[in-house]
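Structure, as structure tokens:
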Amino acid sequence: MFAIPEQFSNATKANFESQFALLSSLTAKTFESMEKLVELNISTARATLADNSNTARQLLSAKDPQEFFQLSAAQAQPAAEKAVAYNRQLAAIATANGAEFSKAAEGQIVEANRKVIALVDEVSKNAPAGSETFVAAVKTAISNANAGYEQFSKTTKQAVEAIESNVNAAVSQFSQAAAKAPAAAANAAAAAAA
């Protein structure tokens, strides 16, 4: 007769330990992603500083305005390509982090549901006569909650895929515009020199 409170106590303790493990894992993944982001930003800042210094030296050595504009135009494409590469790396870090969070959350929810169902089954074995309706209602509620979670999970995955698609489309459009920029700058330089 005292087994039911003990079962709930053990289930609560196991659930708490499981949530703590999940939180620890997600915290570690967050720090890992932040490390990657900081590393990306530092390497990008160093490369940008070196590139800007080199570009400034080249521009200062220009002998006339036409050469100055040609050098300026020549820098547009590499700069745009580097911006696109940075955005792709940033998107890769964010996507990987989101996937890790989703994977960890799904695993946690599946395990928690399994434990709750096992607990309900165990408790229902010792339930007094006439409580079958209550036990069935609890099982139905758990089933409905699982269905709701699955729908939420599918919707979230679709939203993430849509965001990734939009980012890829934006990067593609930016790349195309950046490819056209040197030609436009060269035309402007030629017009200014004339």
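Letters A, B, ... go to the chains of the structure tokens in the order shown; residues in each chain start at 1; ligands are counted from 1 in the same order.
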Go through stretch 43-126 of chain A residue by residue and, counting only C-alpha atoms, keep those with an atom at most 10 Å from stretch 154-178 of chain A; for each kept residue give the shortest atom pair and its distance in Å to one decimal, ordered by chain and increasing number, as JSON lines.
{"residue": "A:Ala76", "atom": "CA", "partner": "A:Ala178", "partner_atom": "CA", "distance": 7.2}
{"residue": "A:Gln77", "atom": "CA", "partner": "A:Ala178", "partner_atom": "CA", "distance": 5.9}
{"residue": "A:Pro78", "atom": "CA", "partner": "A:Ala178", "partner_atom": "CA", "distance": 8.9}
{"residue": "A:Ala79", "atom": "CA", "partner": "A:Ala178", "partner_atom": "CA", "distance": 8.6}
{"residue": "A:Ala80", "atom": "CA", "partner": "A:Ala178", "partner_atom": "CA", "distance": 5.5}
{"residue": "A:Glu81", "atom": "CA", "partner": "A:Ser175", "partner_atom": "CA", "distance": 7.0}
{"residue": "A:Ala83", "atom": "CA", "partner": "A:Ser175", "partner_atom": "CA", "distance": 9.2}
{"residue": "A:Val84", "atom": "CA", "partner": "A:Val171", "partner_atom": "CA", "distance": 6.3}
{"residue": "A:Ala85", "atom": "CA", "partner": "A:Val171", "partner_atom": "CA", "distance": 9.1}
{"residue": "A:Asn87", "atom": "CA", "partner": "A:Val171", "partner_atom": "CA", "distance": 7.7}
{"residue": "A:Arg88", "atom": "CA", "partner": "A:Val171", "partner_atom": "CA", "distance": 7.9}
{"residue": "A:Ala91", "atom": "CA", "partner": "A:Val167", "partner_atom": "CA", "distance": 7.9}
{"residue": "A:Ala92", "atom": "CA", "partner": "A:Glu164", "partner_atom": "CA", "distance": 9.6}
{"residue": "A:Ala94", "atom": "CA", "partner": "A:Glu164", "partner_atom": "CA", "distance": 10.0}
{"residue": "A:Thr95", "atom": "CA", "partner": "A:Glu164", "partner_atom": "CA", "distance": 8.0}
{"residue": "A:Gly98", "atom": "CA", "partner": "A:Val160", "partner_atom": "CA", "distance": 8.6}
{"residue": "A:Ala99", "atom": "CA", "partner": "A:Lys157", "partner_atom": "CA", "distance": 9.4}
{"residue": "A:Ser102", "atom": "CA", "partner": "A:Lys157", "partner_atom": "CA", "distance": 8.9}
May I have the residues within 9 Å of stretch 109-117 of chain A as a VMD selection string, using only C-alpha atoms and disregarding those fewer than 6 positions away in the same chain?
chain A and resid 11 15 18 139 142 146 149
**Request:** Skip A:Ser33 itself and residues of its chain fewer than 6 positions away, then list as JSON, numbers by chain all residues within 9 Å of it, counting only C-alpha atoms.
**Result:** {"A": [93, 94, 96, 97]}
| query | Contacts of A:Lys36 at 10 Å or less, counting only C-alpha atoms, minus same-chain residues fewer than 5 places along, as a ChimeraX atom specification? | reply | /A:30-31,41-42,89-90,93
Exercise: A:Ala56 partners within 12 Å, only C-alpha atoms, chain neighbours under 4 positions left out, as a PDB file with N, CA, C and O atoms, in the first residue's frame:
ATOM      1  N   THR A  48      39.831  40.718 -41.692  1.00  0.00           N
ATOM      2  CA  THR A  48      39.331  41.995 -42.195  1.00  0.00           C
ATOM      3  C   THR A  48      40.334  43.110 -41.947  1.00  0.00           C
ATOM      4  O   THR A  48      40.571  43.955 -42.825  1.00  0.00           O
ATOM      5  N   LEU A  49      40.930  43.117 -40.787  1.00  0.00           N
ATOM      6  CA  LEU A  49      41.933  44.127 -40.462  1.00  0.00           C
ATOM      7  C   LEU A  49      43.124  44.025 -41.414  1.00  0.00           C
ATOM      8  O   LEU A  49      43.601  45.033 -41.956  1.00  0.00           O
ATOM      9  N   ALA A  50      43.590  42.799 -41.640  1.00  0.00           N
ATOM     10  CA  ALA A  50      44.719  42.600 -42.555  1.00  0.00           C
ATOM     11  C   ALA A  50      44.334  43.011 -43.982  1.00  0.00           C
ATOM     12  O   ALA A  50      45.117  43.690 -44.668  1.00  0.00           O
ATOM     13  N   ASP A  51      43.166  42.628 -44.417  1.00  0.00           N
ATOM     14  CA  ASP A  51      42.701  42.995 -45.760  1.00  0.00           C
ATOM     15  C   ASP A  51      42.556  44.501 -45.912  1.00  0.00           C
ATOM     16  O   ASP A  51      42.946  45.078 -46.930  1.00  0.00           O
ATOM     17  N   ASN A  52      41.975  45.148 -44.901  1.00  0.00           N
ATOM     18  CA  ASN A  52      41.792  46.598 -44.965  1.00  0.00           C
ATOM     19  C   ASN A  52      43.130  47.328 -44.997  1.00  0.00           C
ATOM     20  O   ASN A  52      43.286  48.325 -45.707  1.00  0.00           O
ATOM     21  N   LEU A  60      46.552  53.932 -51.483  1.00  0.00           N
ATOM     22  CA  LEU A  60      47.451  55.071 -51.291  1.00  0.00           C
ATOM     23  C   LEU A  60      48.572  55.107 -52.334  1.00  0.00           C
ATOM     24  O   LEU A  60      49.149  56.163 -52.596  1.00  0.00           O
ATOM     25  N   SER A  61      48.874  53.956 -52.914  1.00  0.00           N
ATOM     26  CA  SER A  61      49.926  53.908 -53.930  1.00  0.00           C
ATOM     27  C   SER A  61      49.401  54.185 -55.341  1.00  0.00           C
ATOM     28  O   SER A  61      50.182  54.194 -56.297  1.00  0.00           O
ATOM     29  N   ALA A  62      48.106  54.410 -55.465  1.00  0.00           N
ATOM     30  CA  ALA A  62      47.526  54.692 -56.786  1.00  0.00           C
ATOM     31  C   ALA A  62      48.130  55.977 -57.343  1.00  0.00           C
ATOM     32  O   ALA A  62      48.298  56.966 -56.632  1.00  0.00           O
ATOM     33  N   PHE A  68      42.970  54.423 -58.848  1.00  0.00           N
ATOM     34  CA  PHE A  68      42.343  54.370 -57.525  1.00  0.00           C
ATOM     35  C   PHE A  68      40.970  53.690 -57.614  1.00  0.00           C
ATOM     36  O   PHE A  68      40.659  52.799 -56.833  1.00  0.00           O
ATOM     37  N   LEU A  71      41.302  49.954 -58.446  1.00  0.00           N
ATOM     38  CA  LEU A  71      41.682  49.185 -57.251  1.00  0.00           C
ATOM     39  C   LEU A  71      40.488  49.035 -56.303  1.00  0.00           C
ATOM     40  O   LEU A  71      40.275  47.966 -55.724  1.00  0.00           O
ATOM     41  N   SER A  72      39.725  50.101 -56.162  1.00  0.00           N
ATOM     42  CA  SER A  72      38.525  50.044 -55.307  1.00  0.00           C
ATOM     43  C   SER A  72      37.529  49.023 -55.837  1.00  0.00           C
ATOM     44  O   SER A  72      36.967  48.231 -55.083  1.00  0.00           O
ATOM     45  N   GLN A  75      38.341  45.377 -55.222  1.00  0.00           N
ATOM     46  CA  GLN A  75      38.163  44.903 -53.850  1.00  0.00           C
ATOM     47  C   GLN A  75      36.720  44.503 -53.533  1.00  0.00           C
ATOM     48  O   GLN A  75      36.472  43.808 -52.551  1.00  0.00           O
TER      49      GLN A  75
END
